[in-house]
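Down below is the structure, laid out as structure tokens.
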Amino acid sequence: MSLPSNSPGTLVIGAGVIGTAIALELQKRGRSVTLIDKDEPGRGASFGNMASIAVTEFMPSSRPSVWRQIPGWLMDPEGPICVRPSYMPKLVPWFLRFLAASRPARTRELEAQGAALCKRALGDTQALLDEIGASDQITETGCLSLYASEAEFRADRDHIEILERFGFDHEVIGRNKLRDLEPELTPGIEKAVLFPDNRSLRDPYAFVMKLAERFEASGGTIRRAEVTGFQRSGGITGVRLHGGEVLEAQEVVLCAGAFTAKLAKILGEPIPLETERGYHTQINAPGISMRHSVIWPARAFMVTPTAGGIRVGGTVEMAGLDAAPNYNRSKITVKRAKEALPNLRVEQATEWMGHRPALPDTVPIISASAKTKGVYYATGHGHLGLTYAATTARLMGQLVAGERPELDLFPYRINRF
């Protein structure tokens, strides 16, 4: 269903990979779309993600095998999770919801909801890449999960069991085959699990730019501006920008990542959205080559060949949107990466920090507003923004167009909290 040509347009707020993909999808459905962001497209979390279509990583962080380790992680200055003491009081309501999501029955529901999205993710991503002429941007190799001992493997067994329950492909491989697949890995790795469908993008930022270029070439408008308010009269009628300009709108999609919470609050629809500040180190002269991305669950880091080099990341910091970066978090993951890759050199390297939008139950919001007609939300994708982007765009296109979405979106509603 297309809007009449003289109708106010559709505004998509947030030009990361999710927002840009949604803008392109809505444009294909006959909307006159303007994409708005206070920065250039793809410069937020989409710039610094780990380039992974991580279809096996949908498990809720609140499952008991994870949250029972949190106190120990918080006590370790080099642990995978860091909470700045000054921010701790602000986290209490979010953390209580996180604990509520750890009930066994609720955890099973959340696993199913994440799996439903991830079952579609690779196919939808490949279709979107084909559409924009970028099919060569996705690798054919998967991801290796590393284990230095049987004890480490057993500690991650619940992850594997969940994948088996939902039918995700994986293969347990021994030391000798692992060395054939990735010769640069240390001999200290006893076994690994290969996830063949956890593909990587050769450059995730270039992917967003390709989406933006296609969107503009097809008549879309990109505005660099900050949204400060909304106009409503029964439903949404406009968006107010910094400086006072108002853009008329019949539909507004809020997909500004971790910054969506501020916009939702203005609309009287607060959501428990936090920022998990992620760090990476991009190494463009690593001195080694890799075919697969690798994760080491016991060391809580990931390494991906991408963006012309090797990217190392994996830490989580809870400190809000405004605190200055602590790049010691990047250095910790690099130190651990060198345990797995002893020949890795850290030359021509840059460090980066970005905001991943985290909901306490790990499942994103893909929903119409419960309060304002014409407002839609696509946020809270956590560590899986790139993974879920193409699928979210397709589902949001169906939702906004008044079609029946291919996936039941009731579990992803905004007012579930």
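Letters for chains follow the order of the structure tokens (A, B, ...), residue numbers begin at 1 for each chain, and ligand numbers begin at 1 in the order shown.
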Leaving out Arg291 (chain A) and any residue of its chain fewer than 6 positions from it, which residues lie within 9 Å of it when counting only C-alpha atoms, given as a ChimeraX atom specification?
/A:139,141-142,181-182,304-305
Identify, with DSSP run on backbone atoms, the residues in region 139-346 of chain A assigned to strand (DSSP E), and express the list as a PyMOL selection string.
chain A and resi 143-147+171-174+191-195+199-200+221-224+227-233+235-241+246-254+274-285+293-296+301-306+309-313+316-318
Write out the residues from the selection above, keeping C-alpha atoms, as a short mmCIF file (atom, residue, chain, number, x, y, z; two decimals), in the first residue's frame.
data_model
loop_
_atom_site.label_atom_id
_atom_site.label_comp_id
_atom_site.auth_asym_id
_atom_site.auth_seq_id
_atom_site.Cartn_x
_atom_site.Cartn_y
_atom_site.Cartn_z
CA CYS A 143 32.95 -19.04 13.09
CA LEU A 144 35.01 -21.22 15.43
CA SER A 145 34.26 -21.36 19.16
CA LEU A 146 37.45 -22.29 21.01
CA TYR A 147 37.99 -24.44 24.11
CA GLU A 171 30.32 -29.40 14.23
CA VAL A 172 32.64 -30.36 17.10
CA ILE A 173 36.19 -30.62 15.79
CA GLY A 174 39.42 -31.78 17.38
CA LYS A 191 38.80 -28.52 20.54
CA ALA A 192 36.41 -26.16 18.84
CA VAL A 193 32.87 -25.97 17.55
CA LEU A 194 32.42 -24.78 13.99
CA PHE A 195 29.28 -22.73 13.31
CA ARG A 199 29.29 -15.70 8.40
CA SER A 200 31.20 -12.42 8.45
CA THR A 221 16.52 11.74 1.45
CA ILE A 222 19.13 11.61 4.21
CA ARG A 223 19.12 14.45 6.73
CA ARG A 224 21.86 15.03 9.29
CA VAL A 227 15.41 15.01 16.71
CA THR A 228 14.26 16.87 19.82
CA GLY A 229 10.49 16.37 19.84
CA PHE A 230 7.32 15.25 18.11
CA GLN A 231 4.00 16.70 17.06
CA ARG A 232 0.82 14.69 17.53
CA SER A 233 -2.85 15.15 16.85
CA GLY A 235 -1.52 10.22 15.79
CA ILE A 236 1.94 11.37 14.79
CA THR A 237 2.00 14.43 12.56
CA GLY A 238 5.58 15.65 12.66
CA VAL A 239 9.09 15.54 14.08
CA ARG A 240 10.83 18.56 15.54
CA LEU A 241 14.54 19.01 14.84
CA VAL A 246 9.39 20.58 11.94
CA LEU A 247 9.17 17.80 9.36
CA GLU A 248 5.63 16.60 8.66
CA ALA A 249 5.18 12.87 8.96
CA GLN A 250 2.42 10.32 8.65
CA GLU A 251 4.67 7.56 9.96
CA VAL A 252 7.80 7.60 12.11
CA VAL A 253 10.09 4.65 12.77
CA LEU A 254 12.38 4.98 15.79
CA GLU A 274 20.49 0.53 28.33
CA THR A 275 23.77 0.93 26.50
CA GLU A 276 26.25 -1.92 26.58
CA ARG A 277 29.34 0.01 25.59
CA GLY A 278 31.40 -2.15 23.29
CA TYR A 279 35.05 -1.75 22.36
CA HIS A 280 37.14 -3.00 19.50
CA THR A 281 40.67 -2.75 18.20
CA GLN A 282 41.05 -2.74 14.43
CA ILE A 283 44.49 -4.05 13.45
CA ASN A 284 45.40 -3.39 9.83
CA ALA A 285 48.90 -4.89 9.96
CA SER A 293 36.16 -15.54 12.84
CA VAL A 294 36.86 -17.02 16.27
CA ILE A 295 35.35 -16.67 19.71
CA TRP A 296 36.75 -18.01 22.97
CA PHE A 301 36.54 -12.12 23.18
CA MET A 302 36.05 -12.41 19.43
CA VAL A 303 38.40 -11.95 16.48
CA THR A 304 37.10 -11.30 12.96
CA PRO A 305 38.98 -10.70 9.72
CA THR A 306 37.23 -7.57 8.41
CA GLY A 309 42.59 -6.30 8.74
CA ILE A 310 41.67 -8.13 11.93
CA ARG A 311 39.19 -6.80 14.49
CA VAL A 312 39.32 -7.77 18.17
CA GLY A 313 36.41 -7.12 20.53
CA VAL A 316 30.82 -5.06 27.87
CA GLU A 317 30.87 -1.85 29.88
CA MET A 318 27.83 -0.36 31.62
#
Got a sec: who's within 12 Å of Gly354 (chain A), counting only C-alpha atoms, leaving out chain neighbours fewer than 4 positions off, as a ChimeraX atom specification?
/A:16,42-50,257-259,275-281,313-327,330,382-383
Residues as selected, N, CA and C atoms, written as a compact mmCIF listing (two decimals), in the first residue's frame, can you do that?
# COMPACT_ATOMS: atom_id res chain seq x y z
N GLY A 16 21.80 3.81 11.36
CA GLY A 16 22.67 2.65 11.46
C GLY A 16 22.24 1.60 10.45
N GLY A 42 25.77 5.03 9.41
CA GLY A 42 26.70 3.96 9.76
C GLY A 42 27.82 4.33 10.69
N ARG A 43 27.78 5.51 11.33
CA ARG A 43 28.92 5.93 12.15
C ARG A 43 28.76 5.56 13.62
N GLY A 44 27.63 4.96 14.00
CA GLY A 44 27.45 4.55 15.39
C GLY A 44 27.92 3.13 15.61
N ALA A 45 27.09 2.34 16.30
CA ALA A 45 27.48 0.96 16.59
C ALA A 45 27.70 0.15 15.31
N SER A 46 27.03 0.53 14.23
CA SER A 46 27.20 -0.20 12.96
C SER A 46 28.62 -0.08 12.42
N PHE A 47 29.32 0.98 12.79
CA PHE A 47 30.69 1.15 12.31
C PHE A 47 31.64 0.16 12.97
N GLY A 48 31.41 -0.10 14.26
CA GLY A 48 32.41 -0.85 15.02
C GLY A 48 31.99 -2.23 15.45
N ASN A 49 30.90 -2.77 14.89
CA ASN A 49 30.50 -4.11 15.32
C ASN A 49 31.51 -5.15 14.85
N MET A 50 31.31 -6.38 15.28
CA MET A 50 32.29 -7.43 14.98
C MET A 50 32.05 -8.11 13.63
N GLY A 257 19.03 3.03 17.93
CA GLY A 257 19.88 2.25 18.82
C GLY A 257 19.66 2.61 20.27
N ALA A 258 20.76 2.76 21.01
CA ALA A 258 20.68 3.06 22.43
C ALA A 258 20.07 4.42 22.71
N PHE A 259 20.03 5.29 21.70
CA PHE A 259 19.47 6.63 21.88
C PHE A 259 17.94 6.64 21.70
N THR A 275 22.66 1.08 27.43
CA THR A 275 23.77 0.93 26.50
C THR A 275 24.79 -0.04 27.07
N GLU A 276 25.09 -1.07 26.31
CA GLU A 276 26.25 -1.92 26.58
C GLU A 276 27.37 -1.37 25.71
N ARG A 277 28.26 -0.63 26.34
CA ARG A 277 29.34 0.01 25.59
C ARG A 277 30.34 -1.06 25.15
N GLY A 278 30.48 -1.16 23.84
CA GLY A 278 31.40 -2.15 23.29
C GLY A 278 32.66 -1.50 22.76
N TYR A 279 33.76 -2.24 22.82
CA TYR A 279 35.05 -1.75 22.36
C TYR A 279 35.63 -2.71 21.32
N HIS A 280 36.35 -2.14 20.38
CA HIS A 280 37.14 -3.00 19.50
C HIS A 280 38.49 -2.37 19.21
N THR A 281 39.40 -3.20 18.75
CA THR A 281 40.67 -2.75 18.20
C THR A 281 40.76 -3.27 16.78
N GLY A 313 37.38 -7.75 19.64
CA GLY A 313 36.41 -7.12 20.53
C GLY A 313 35.79 -8.14 21.46
N GLY A 314 34.80 -7.68 22.23
CA GLY A 314 34.08 -8.64 23.04
C GLY A 314 33.75 -8.21 24.45
N THR A 315 34.15 -7.06 24.88
CA THR A 315 33.89 -6.65 26.25
C THR A 315 32.59 -5.87 26.36
N VAL A 316 32.03 -5.82 27.58
CA VAL A 316 30.82 -5.06 27.87
C VAL A 316 31.11 -4.11 29.02
N GLU A 317 30.74 -2.85 28.82
CA GLU A 317 30.87 -1.85 29.88
C GLU A 317 29.54 -1.15 30.06
N MET A 318 29.07 -1.08 31.30
CA MET A 318 27.83 -0.36 31.62
C MET A 318 28.23 0.95 32.28
N ALA A 319 28.05 2.05 31.54
CA ALA A 319 28.45 3.35 32.08
C ALA A 319 27.62 4.49 31.49
N GLY A 320 26.55 4.15 30.77
CA GLY A 320 25.69 5.18 30.22
C GLY A 320 26.18 5.73 28.90
N LEU A 321 25.44 6.70 28.39
CA LEU A 321 25.71 7.26 27.07
C LEU A 321 26.77 8.35 27.07
N ASP A 322 27.06 8.95 28.22
CA ASP A 322 27.85 10.17 28.22
C ASP A 322 29.27 10.02 28.76
N ALA A 323 29.58 8.95 29.47
CA ALA A 323 30.91 8.80 30.06
C ALA A 323 31.98 8.66 28.98
N ALA A 324 33.17 9.14 29.28
CA ALA A 324 34.28 9.03 28.34
C ALA A 324 34.69 7.57 28.18
N PRO A 325 35.21 7.19 27.01
CA PRO A 325 35.65 5.81 26.80
C PRO A 325 36.80 5.43 27.74
N ASN A 326 36.85 4.16 28.06
CA ASN A 326 37.97 3.58 28.81
C ASN A 326 38.63 2.54 27.91
N TYR A 327 39.64 2.96 27.17
CA TYR A 327 40.21 2.08 26.16
C TYR A 327 41.07 0.97 26.74
N SER A 330 39.66 -2.23 25.53
CA SER A 330 40.16 -2.75 24.25
C SER A 330 41.46 -3.51 24.45
N GLY A 382 20.81 -5.31 20.83
CA GLY A 382 21.98 -5.74 21.60
C GLY A 382 23.20 -5.99 20.72
N HIS A 383 23.78 -7.17 20.86
CA HIS A 383 24.98 -7.53 20.10
C HIS A 383 24.64 -8.04 18.69
Return as an NGL selection string the full set of residues in region 214-413 of chain A whose backbone-based DSSP assignment is alpha helix (DSSP H).
:A and (214-217 or 260-266 or 328-340 or 385-400)
Show me, as a PDB file with N, CA, C and O atoms, in the first residue's frame, the residues that have an atom within 12 Å of His381 (chain A) when counting only C-alpha atoms, minus same-chain residues fewer than 4 positions from it.
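Result file is result-v2.pdb:
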ATOM      1  N   GLY A  16      21.798   3.810  11.362  1.00  0.00           N
ATOM      2  CA  GLY A  16      22.674   2.652  11.458  1.00  0.00           C
ATOM      3  C   GLY A  16      22.239   1.602  10.455  1.00  0.00           C
ATOM      4  O   GLY A  16      21.402   1.845   9.574  1.00  0.00           O
ATOM      5  N   VAL A  17      22.765   0.399  10.606  1.00  0.00           N
ATOM      6  CA  VAL A  17      22.445  -0.647   9.633  1.00  0.00           C
ATOM      7  C   VAL A  17      20.959  -0.988   9.670  1.00  0.00           C
ATOM      8  O   VAL A  17      20.348  -1.224   8.620  1.00  0.00           O
ATOM      9  N   ILE A  18      20.338  -0.975  10.855  1.00  0.00           N
ATOM     10  CA  ILE A  18      18.918  -1.311  10.946  1.00  0.00           C
ATOM     11  C   ILE A  18      18.071  -0.203  10.330  1.00  0.00           C
ATOM     12  O   ILE A  18      17.194  -0.464   9.495  1.00  0.00           O
ATOM     13  N   GLY A  19      18.308   1.034  10.714  1.00  0.00           N
ATOM     14  CA  GLY A  19      17.517   2.132  10.184  1.00  0.00           C
ATOM     15  C   GLY A  19      17.669   2.289   8.685  1.00  0.00           C
ATOM     16  O   GLY A  19      16.682   2.545   7.968  1.00  0.00           O
ATOM     17  N   ALA A  45      27.095   2.335  16.297  1.00  0.00           N
ATOM     18  CA  ALA A  45      27.475   0.956  16.586  1.00  0.00           C
ATOM     19  C   ALA A  45      27.699   0.152  15.310  1.00  0.00           C
ATOM     20  O   ALA A  45      28.491  -0.798  15.301  1.00  0.00           O
ATOM     21  N   SER A  46      27.028   0.529  14.227  1.00  0.00           N
ATOM     22  CA  SER A  46      27.200  -0.198  12.963  1.00  0.00           C
ATOM     23  C   SER A  46      28.617  -0.080  12.423  1.00  0.00           C
ATOM     24  O   SER A  46      29.080  -0.947  11.680  1.00  0.00           O
ATOM     25  N   GLU A  57      23.977 -16.937  18.274  1.00  0.00           N
ATOM     26  CA  GLU A  57      24.227 -16.188  19.509  1.00  0.00           C
ATOM     27  C   GLU A  57      22.977 -15.498  20.037  1.00  0.00           C
ATOM     28  O   GLU A  57      23.051 -14.422  20.623  1.00  0.00           O
ATOM     29  N   PHE A  58      21.819 -16.134  19.881  1.00  0.00           N
ATOM     30  CA  PHE A  58      20.546 -15.528  20.262  1.00  0.00           C
ATOM     31  C   PHE A  58      20.163 -15.800  21.717  1.00  0.00           C
ATOM     32  O   PHE A  58      19.144 -15.321  22.190  1.00  0.00           O
ATOM     33  N   PRO A  60      19.445 -15.752  25.584  1.00  0.00           N
ATOM     34  CA  PRO A  60      19.330 -14.625  26.514  1.00  0.00           C
ATOM     35  C   PRO A  60      20.500 -14.585  27.489  1.00  0.00           C
ATOM     36  O   PRO A  60      20.914 -15.609  28.029  1.00  0.00           O
ATOM     37  N   GLY A 114      14.407 -15.509  20.128  1.00  0.00           N
ATOM     38  CA  GLY A 114      15.666 -15.204  19.459  1.00  0.00           C
ATOM     39  C   GLY A 114      15.934 -16.155  18.305  1.00  0.00           C
ATOM     40  O   GLY A 114      16.384 -15.738  17.233  1.00  0.00           O
ATOM     41  N   LEU A 117      14.122 -15.316  15.006  1.00  0.00           N
ATOM     42  CA  LEU A 117      14.777 -14.282  14.206  1.00  0.00           C
ATOM     43  C   LEU A 117      16.042 -14.811  13.544  1.00  0.00           C
ATOM     44  O   LEU A 117      16.306 -14.554  12.358  1.00  0.00           O
ATOM     45  N   CYS A 118      16.840 -15.555  14.310  1.00  0.00           N
ATOM     46  CA  CYS A 118      18.119 -16.019  13.767  1.00  0.00           C
ATOM     47  C   CYS A 118      17.950 -17.072  12.683  1.00  0.00           C
ATOM     48  O   CYS A 118      18.809 -17.196  11.806  1.00  0.00           O
ATOM     49  N   CYS A 255      14.529   3.985  15.346  1.00  0.00           N
ATOM     50  CA  CYS A 255      15.533   2.906  15.347  1.00  0.00           C
ATOM     51  C   CYS A 255      16.918   3.525  15.539  1.00  0.00           C
ATOM     52  O   CYS A 255      17.840   3.267  14.775  1.00  0.00           O
ATOM     53  N   ALA A 256      17.022   4.346  16.597  1.00  0.00           N
ATOM     54  CA  ALA A 256      18.258   5.073  16.879  1.00  0.00           C
ATOM     55  C   ALA A 256      19.124   4.347  17.897  1.00  0.00           C
ATOM     56  O   ALA A 256      19.855   4.967  18.664  1.00  0.00           O
ATOM     57  N   GLY A 257      19.034   3.026  17.928  1.00  0.00           N
ATOM     58  CA  GLY A 257      19.875   2.247  18.821  1.00  0.00           C
ATOM     59  C   GLY A 257      19.665   2.612  20.273  1.00  0.00           C
ATOM     60  O   GLY A 257      18.534   2.792  20.737  1.00  0.00           O
ATOM     61  N   ALA A 258      20.760   2.755  21.006  1.00  0.00           N
ATOM     62  CA  ALA A 258      20.683   3.057  22.434  1.00  0.00           C
ATOM     63  C   ALA A 258      20.069   4.419  22.709  1.00  0.00           C
ATOM     64  O   ALA A 258      19.633   4.689  23.832  1.00  0.00           O
ATOM     65  N   THR A 260      17.367   5.504  21.319  1.00  0.00           N
ATOM     66  CA  THR A 260      15.923   5.429  21.139  1.00  0.00           C
ATOM     67  C   THR A 260      15.178   5.661  22.445  1.00  0.00           C
ATOM     68  O   THR A 260      14.049   6.158  22.443  1.00  0.00           O
ATOM     69  N   LEU A 273      15.804   0.500  28.139  1.00  0.00           N
ATOM     70  CA  LEU A 273      16.889   0.338  27.180  1.00  0.00           C
ATOM     71  C   LEU A 273      18.161   0.926  27.759  1.00  0.00           C
ATOM     72  O   LEU A 273      18.205   2.098  28.133  1.00  0.00           O
ATOM     73  N   GLU A 274      19.191   0.102  27.842  1.00  0.00           N
ATOM     74  CA  GLU A 274      20.492   0.531  28.331  1.00  0.00           C
ATOM     75  C   GLU A 274      21.516   0.454  27.207  1.00  0.00           C
ATOM     76  O   GLU A 274      21.275  -0.149  26.161  1.00  0.00           O
ATOM     77  N   THR A 275      22.660   1.080  27.431  1.00  0.00           N
ATOM     78  CA  THR A 275      23.771   0.927  26.503  1.00  0.00           C
ATOM     79  C   THR A 275      24.794  -0.043  27.068  1.00  0.00           C
ATOM     80  O   THR A 275      25.252   0.125  28.199  1.00  0.00           O
ATOM     81  N   GLU A 276      25.087  -1.073  26.310  1.00  0.00           N
ATOM     82  CA  GLU A 276      26.254  -1.918  26.582  1.00  0.00           C
ATOM     83  C   GLU A 276      27.373  -1.366  25.709  1.00  0.00           C
ATOM     84  O   GLU A 276      27.392  -1.581  24.506  1.00  0.00           O
ATOM     85  N   HIS A 355      27.932   2.228  21.259  1.00  0.00           N
ATOM     86  CA  HIS A 355      26.815   1.925  22.160  1.00  0.00           C
ATOM     87  C   HIS A 355      25.902   0.868  21.548  1.00  0.00           C
ATOM     88  O   HIS A 355      25.251   1.109  20.529  1.00  0.00           O
ATOM     89  N   ARG A 356      25.841  -0.290  22.209  1.00  0.00           N
ATOM     90  CA  ARG A 356      24.933  -1.345  21.778  1.00  0.00           C
ATOM     91  C   ARG A 356      23.652  -1.244  22.607  1.00  0.00           C
ATOM     92  O   ARG A 356      23.717  -1.199  23.835  1.00  0.00           O
ATOM     93  N   PRO A 357      22.484  -1.223  21.961  1.00  0.00           N
ATOM     94  CA  PRO A 357      21.225  -1.022  22.693  1.00  0.00           C
ATOM     95  C   PRO A 357      20.754  -2.320  23.346  1.00  0.00           C
ATOM     96  O   PRO A 357      20.380  -3.276  22.660  1.00  0.00           O
ATOM     97  N   ALA A 358      20.746  -2.355  24.678  1.00  0.00           N
ATOM     98  CA  ALA A 358      20.500  -3.593  25.408  1.00  0.00           C
ATOM     99  C   ALA A 358      19.191  -3.528  26.185  1.00  0.00           C
ATOM    100  O   ALA A 358      18.986  -2.617  26.996  1.00  0.00           O
ATOM    101  N   LEU A 359      18.325  -4.485  25.946  1.00  0.00           N
ATOM    102  CA  LEU A 359      17.131  -4.684  26.747  1.00  0.00           C
ATOM    103  C   LEU A 359      17.387  -5.813  27.743  1.00  0.00           C
ATOM    104  O   LEU A 359      18.169  -6.727  27.456  1.00  0.00           O
ATOM    105  N   PRO A 360      16.731  -5.801  28.899  1.00  0.00           N
ATOM    106  CA  PRO A 360      17.067  -6.789  29.938  1.00  0.00           C
ATOM    107  C   PRO A 360      16.735  -8.224  29.563  1.00  0.00           C
ATOM    108  O   PRO A 360      17.307  -9.154  30.143  1.00  0.00           O
ATOM    109  N   ASP A 361      15.834  -8.432  28.595  1.00  0.00           N
ATOM    110  CA  ASP A 361      15.506  -9.804  28.204  1.00  0.00           C
ATOM    111  C   ASP A 361      16.201 -10.237  26.917  1.00  0.00           C
ATOM    112  O   ASP A 361      15.959 -11.338  26.422  1.00  0.00           O
ATOM    113  N   THR A 362      17.044  -9.384  26.342  1.00  0.00           N
ATOM    114  CA  THR A 362      17.901  -9.691  25.185  1.00  0.00           C
ATOM    115  C   THR A 362      17.127  -9.756  23.875  1.00  0.00           C
ATOM    116  O   THR A 362      17.736  -9.887  22.814  1.00  0.00           O
ATOM    117  N   VAL A 363      15.809  -9.666  23.895  1.00  0.00           N
ATOM    118  CA  VAL A 363      14.996  -9.758  22.684  1.00  0.00           C
ATOM    119  C   VAL A 363      14.654  -8.350  22.211  1.00  0.00           C
ATOM    120  O   VAL A 363      14.244  -7.508  23.014  1.00  0.00           O
ATOM    121  N   PRO A 364      14.816  -8.052  20.925  1.00  0.00           N
ATOM    122  CA  PRO A 364      14.583  -6.685  20.453  1.00  0.00           C
ATOM    123  C   PRO A 364      13.116  -6.291  20.465  1.00  0.00           C
ATOM    124  O   PRO A 364      12.212  -7.128  20.570  1.00  0.00           O
ATOM    125  N   ILE A 365      12.886  -4.997  20.350  1.00  0.00           N
ATOM    126  CA  ILE A 365      11.547  -4.452  20.124  1.00  0.00           C
ATOM    127  C   ILE A 365      11.371  -4.239  18.625  1.00  0.00           C
ATOM    128  O   ILE A 365      12.148  -3.513  17.994  1.00  0.00           O
ATOM    129  N   ILE A 366      10.375  -4.884  18.061  1.00  0.00           N
ATOM    130  CA  ILE A 366       9.980  -4.694  16.660  1.00  0.00           C
ATOM    131  C   ILE A 366       8.472  -4.534  16.721  1.00  0.00           C
ATOM    132  O   ILE A 366       7.730  -5.519  16.762  1.00  0.00           O
ATOM    133  N   TYR A 377       8.692   1.111  16.397  1.00  0.00           N
ATOM    134  CA  TYR A 377       9.988   0.967  17.049  1.00  0.00           C
ATOM    135  C   TYR A 377      10.736  -0.247  16.505  1.00  0.00           C
ATOM    136  O   TYR A 377      10.142  -1.324  16.295  1.00  0.00           O
ATOM    137  N   GLY A 385      22.715  -6.488  16.172  1.00  0.00           N
ATOM    138  CA  GLY A 385      22.155  -5.506  15.248  1.00  0.00           C
ATOM    139  C   GLY A 385      22.408  -5.857  13.801  1.00  0.00           C
ATOM    140  O   GLY A 385      21.495  -5.824  12.960  1.00  0.00           O
ATOM    141  N   LEU A 386      23.636  -6.193  13.472  1.00  0.00           N
ATOM    142  CA  LEU A 386      23.967  -6.571  12.101  1.00  0.00           C
ATOM    143  C   LEU A 386      23.267  -7.873  11.733  1.00  0.00           C
ATOM    144  O   LEU A 386      22.747  -8.025  10.621  1.00  0.00           O
ATOM    145  N   THR A 387      23.247  -8.819  12.653  1.00  0.00           N
ATOM    146  CA  THR A 387      22.607 -10.110  12.408  1.00  0.00           C
ATOM    147  C   THR A 387      21.132  -9.947  12.076  1.00  0.00           C
ATOM    148  O   THR A 387      20.612 -10.548  11.127  1.00  0.00           O
ATOM    149  N   TYR A 388      20.440  -9.128  12.842  1.00  0.00           N
ATOM    150  CA  TYR A 388      18.996  -8.989  12.705  1.00  0.00           C
ATOM    151  C   TYR A 388      18.559  -7.915  11.718  1.00  0.00           C
ATOM    152  O   TYR A 388      17.352  -7.763  11.453  1.00  0.00           O
ATOM    153  N   ALA A 389      19.473  -7.150  11.157  1.00  0.00           N
ATOM    154  CA  ALA A 389      19.094  -5.949  10.404  1.00  0.00           C
ATOM    155  C   ALA A 389      18.178  -6.255   9.225  1.00  0.00           C
ATOM    156  O   ALA A 389      17.119  -5.630   9.062  1.00  0.00           O
ATOM    157  N   THR A 391      16.385  -8.889   8.545  1.00  0.00           N
ATOM    158  CA  THR A 391      15.121  -9.483   8.985  1.00  0.00           C
ATOM    159  C   THR A 391      14.219  -8.430   9.615  1.00  0.00           C
ATOM    160  O   THR A 391      13.008  -8.380   9.340  1.00  0.00           O
ATOM    161  N   THR A 392      14.790  -7.572  10.450  1.00  0.00           N
ATOM    162  CA  THR A 392      13.999  -6.501  11.056  1.00  0.00           C
ATOM    163  C   THR A 392      13.416  -5.584   9.991  1.00  0.00           C
ATOM    164  O   THR A 392      12.247  -5.176  10.069  1.00  0.00           O
ATOM    165  N   TYR A 412       7.680  -9.367  20.529  1.00  0.00           N
ATOM    166  CA  TYR A 412       8.639  -8.278  20.379  1.00  0.00           C
ATOM    167  C   TYR A 412       7.979  -6.909  20.589  1.00  0.00           C
ATOM    168  O   TYR A 412       8.554  -5.882  20.262  1.00  0.00           O
TER     169      TYR A 412
END
Leu24 (chain A) surroundings by only C-alpha atoms, 9 Å radius, close-in-sequence under 5 positions cut, as a list in words:
Gly19, Arg29, Val33, Leu211, Ala212, Arg214, Phe215, Glu216, Ser218, Gly220 and Ala393 of chain A
Mind giving me the straight-line distance from CA of Ala127 (chain A) to CA of Ile53 (chain A) in Å, one decimal?
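Separating CA of Ala127 (chain A) from CA of Ile53 (chain A) is a distance of 13.4 Å.
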Closest atom pairs, region 290-350 of chain A residues within 12 Å of region 150-156 of chain A, only C-alpha atoms, as a tab-separated table:
residue	atom	partner	partner_atom	distance
A:Trp296	CA	A:Glu152	CA	9.5
A:Pro297	CA	A:Asp156	CA	7.5
A:Ala298	CA	A:Glu152	CA	6.5
A:Arg299	CA	A:Glu152	CA	10.0
A:Ala300	CA	A:Asp156	CA	11.8
So the first atom is CA of Ile81 (chain A) and the second is CA of Arg329 (chain A); what is the distance between them in Å, to one decimal place?
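That distance, rounded to one decimal, is 9.6 Å.
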Which polymer residues have any atom within 7 Å of an atom of Gly397 (chain A), counting only C-alpha atoms, with same-chain residues fewer than 2 positions away left out, as a compact mmCIF listing (two decimals) with N, CA, C and O atoms, in the first residue's frame?
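After the write, around.txt holds the following:
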# COMPACT_ATOMS: atom_id res chain seq x y z
N ILE A 22 15.76 -0.45 6.97
CA ILE A 22 14.32 -0.19 7.05
C ILE A 22 13.91 0.90 6.06
O ILE A 22 12.89 0.79 5.37
N GLU A 25 13.69 -0.57 2.69
CA GLU A 25 12.54 -1.47 2.58
C GLU A 25 11.24 -0.69 2.44
O GLU A 25 10.37 -1.03 1.60
N LEU A 26 11.07 0.35 3.23
CA LEU A 26 9.85 1.16 3.14
C LEU A 26 9.78 1.91 1.81
O LEU A 26 8.70 2.08 1.23
N ALA A 393 14.21 -5.24 8.98
CA ALA A 393 13.73 -4.37 7.92
C ALA A 393 12.55 -5.00 7.18
O ALA A 393 11.54 -4.34 6.89
N ARG A 394 12.66 -6.26 6.88
CA ARG A 394 11.58 -6.95 6.16
C ARG A 394 10.30 -6.97 7.00
O ARG A 394 9.21 -6.67 6.51
N LEU A 395 10.45 -7.33 8.29
CA LEU A 395 9.27 -7.39 9.16
C LEU A 395 8.67 -6.00 9.39
O LEU A 395 7.44 -5.84 9.41
N LEU A 399 4.90 -4.62 8.64
CA LEU A 399 4.10 -4.04 9.72
C LEU A 399 3.60 -2.65 9.33
O LEU A 399 2.41 -2.34 9.47
N VAL A 400 4.49 -1.81 8.83
CA VAL A 400 4.10 -0.44 8.48
C VAL A 400 3.12 -0.44 7.31
O VAL A 400 2.19 0.39 7.27
N ALA A 401 3.27 -1.37 6.40
CA ALA A 401 2.40 -1.43 5.22
C ALA A 401 1.04 -2.04 5.54
O ALA A 401 0.18 -2.10 4.65
